[in-house]
Amino acid sequence: MGTKELLDEAMKLKPEERFSLVEGLIKSLDEPDKKLDEIWAEEAEKRLKAYRAGKLQGIPMEEVFKDK
């Protein structure tokens with residue numbers, strides 16, 4: 001079955017069923033990358049240690065989210 005036929009069949013589903021289908025497809029494209037997660041965890045630990053040691057300043061939340 002080709003893409004067009006799949007889409008035609010999907011359009012026959014109830015809205016909540018189509019939503020579940022779309023959600024499942026999107027999740028399948030966003031698979032976690034364990035290596036990337038490890039790299040970000042290491043970076044977060046480095047930044048936290050630097051902050052606690054006074055080598056890195058924080059930015060107040062209000063400053064980060066204020067309109068420019």
# chains A, B, ... in the order shown; residues from 1 in each chain; ligands from 1

call {"tool": "select_by_dssp", "arguments": {"residues": "chain A", "states": "helix (DSSP H, G or I)", "output": "ChimeraX atom specification"}}
result
/A:3-10,15-29,34-52,61-65

call {"tool": "write_last_selection", "arguments": {"atoms": "N, CA and C atoms", "output": "compact mmCIF listing (two decimals), in the first residue's frame"}}
result
# COMPACT_ATOMS: atom_id res chain seq x y z
N THR A 3 1.72 5.54 -0.04
CA THR A 3 1.45 6.65 0.87
C THR A 3 0.07 7.24 0.65
N LYS A 4 -0.31 7.44 -0.61
CA LYS A 4 -1.63 8.03 -0.91
C LYS A 4 -2.74 7.13 -0.38
N GLU A 5 -2.59 5.82 -0.58
CA GLU A 5 -3.62 4.89 -0.10
C GLU A 5 -3.69 4.89 1.43
N LEU A 6 -2.52 4.96 2.07
CA LEU A 6 -2.51 5.04 3.53
C LEU A 6 -3.21 6.30 4.03
N LEU A 7 -2.93 7.42 3.38
CA LEU A 7 -3.57 8.68 3.76
C LEU A 7 -5.07 8.61 3.55
N ASP A 8 -5.49 8.05 2.43
CA ASP A 8 -6.92 7.91 2.16
C ASP A 8 -7.60 7.08 3.25
N GLU A 9 -6.96 5.97 3.65
CA GLU A 9 -7.52 5.13 4.70
C GLU A 9 -7.54 5.86 6.05
N ALA A 10 -6.47 6.59 6.34
CA ALA A 10 -6.39 7.33 7.59
C ALA A 10 -7.49 8.38 7.68
N PRO A 15 -11.76 11.43 14.25
CA PRO A 15 -10.73 12.44 14.58
C PRO A 15 -9.78 12.00 15.68
N GLU A 16 -10.29 11.38 16.76
CA GLU A 16 -9.41 10.97 17.84
C GLU A 16 -8.47 9.84 17.40
N GLU A 17 -8.94 8.99 16.48
CA GLU A 17 -8.08 7.93 15.95
C GLU A 17 -7.00 8.52 15.04
N ARG A 18 -7.37 9.53 14.27
CA ARG A 18 -6.37 10.20 13.41
C ARG A 18 -5.32 10.90 14.28
N PHE A 19 -5.79 11.52 15.36
CA PHE A 19 -4.86 12.18 16.27
C PHE A 19 -3.86 11.18 16.84
N SER A 20 -4.34 10.02 17.29
CA SER A 20 -3.46 8.99 17.84
C SER A 20 -2.46 8.52 16.79
N LEU A 21 -2.91 8.37 15.56
CA LEU A 21 -2.03 7.96 14.48
C LEU A 21 -0.94 8.99 14.23
N VAL A 22 -1.33 10.25 14.15
CA VAL A 22 -0.36 11.33 13.93
C VAL A 22 0.62 11.40 15.10
N GLU A 23 0.12 11.31 16.30
CA GLU A 23 0.98 11.37 17.48
C GLU A 23 2.01 10.24 17.45
N GLY A 24 1.57 9.05 17.09
CA GLY A 24 2.48 7.91 17.01
C GLY A 24 3.54 8.10 15.94
N LEU A 25 3.15 8.66 14.80
CA LEU A 25 4.11 8.91 13.73
C LEU A 25 5.15 9.95 14.14
N ILE A 26 4.68 11.01 14.79
CA ILE A 26 5.61 12.07 15.22
C ILE A 26 6.57 11.52 16.26
N LYS A 27 6.07 10.74 17.21
CA LYS A 27 6.94 10.16 18.23
C LYS A 27 7.99 9.25 17.60
N SER A 28 7.63 8.57 16.54
CA SER A 28 8.58 7.66 15.90
C SER A 28 9.73 8.43 15.25
N LEU A 29 9.51 9.69 14.93
CA LEU A 29 10.56 10.52 14.33
C LEU A 29 11.45 11.15 15.39
N LYS A 34 20.70 8.22 23.02
CA LYS A 34 21.35 8.04 24.32
C LYS A 34 22.69 8.76 24.39
N LYS A 35 23.45 8.74 23.32
CA LYS A 35 24.75 9.40 23.30
C LYS A 35 24.57 10.91 23.50
N LEU A 36 23.61 11.49 22.78
CA LEU A 36 23.35 12.92 22.91
C LEU A 36 22.85 13.26 24.31
N ASP A 37 22.00 12.41 24.86
CA ASP A 37 21.52 12.62 26.23
C ASP A 37 22.67 12.62 27.22
N GLU A 38 23.64 11.71 27.03
CA GLU A 38 24.81 11.64 27.91
C GLU A 38 25.64 12.92 27.81
N ILE A 39 25.83 13.41 26.59
CA ILE A 39 26.60 14.64 26.38
C ILE A 39 25.93 15.81 27.09
N TRP A 40 24.60 15.95 26.96
CA TRP A 40 23.89 17.04 27.62
C TRP A 40 23.93 16.90 29.14
N ALA A 41 23.84 15.67 29.65
CA ALA A 41 23.91 15.46 31.09
C ALA A 41 25.28 15.87 31.64
N GLU A 42 26.33 15.52 30.92
CA GLU A 42 27.69 15.91 31.33
C GLU A 42 27.83 17.44 31.32
N GLU A 43 27.31 18.06 30.29
CA GLU A 43 27.39 19.53 30.19
C GLU A 43 26.61 20.19 31.34
N ALA A 44 25.44 19.65 31.63
CA ALA A 44 24.63 20.20 32.74
C ALA A 44 25.38 20.08 34.06
N GLU A 45 26.03 18.95 34.28
CA GLU A 45 26.81 18.76 35.51
C GLU A 45 27.96 19.75 35.59
N LYS A 46 28.66 19.95 34.47
CA LYS A 46 29.77 20.92 34.44
C LYS A 46 29.27 22.32 34.78
N ARG A 47 28.15 22.71 34.19
CA ARG A 47 27.61 24.04 34.43
C ARG A 47 27.15 24.20 35.87
N LEU A 48 26.53 23.17 36.44
CA LEU A 48 26.08 23.23 37.82
C LEU A 48 27.27 23.37 38.77
N LYS A 49 28.33 22.59 38.53
CA LYS A 49 29.53 22.69 39.36
C LYS A 49 30.16 24.07 39.25
N ALA A 50 30.23 24.61 38.04
CA ALA A 50 30.80 25.95 37.85
C ALA A 50 29.95 26.99 38.57
N TYR A 51 28.63 26.86 38.50
CA TYR A 51 27.73 27.80 39.17
C TYR A 51 27.94 27.74 40.69
N ARG A 52 27.98 26.54 41.21
CA ARG A 52 28.15 26.37 42.67
C ARG A 52 29.51 26.85 43.14
N MET A 61 15.21 34.41 35.91
CA MET A 61 14.17 33.93 35.00
C MET A 61 13.45 35.10 34.33
N GLU A 62 13.18 36.15 35.09
CA GLU A 62 12.47 37.30 34.53
C GLU A 62 13.26 37.92 33.38
N GLU A 63 14.58 37.92 33.50
CA GLU A 63 15.44 38.48 32.46
C GLU A 63 15.41 37.59 31.20
N VAL A 64 15.44 36.29 31.43
CA VAL A 64 15.46 35.34 30.30
C VAL A 64 14.17 35.44 29.50
N PHE A 65 13.04 35.58 30.19
CA PHE A 65 11.75 35.53 29.51
C PHE A 65 11.13 36.88 29.21

call {"tool": "atom_distance", "arguments": {"atom1": "atom CA of Asp30 of chain A", "atom2": "atom CA of Gly2 of chain A"}}
result
23.0 Å
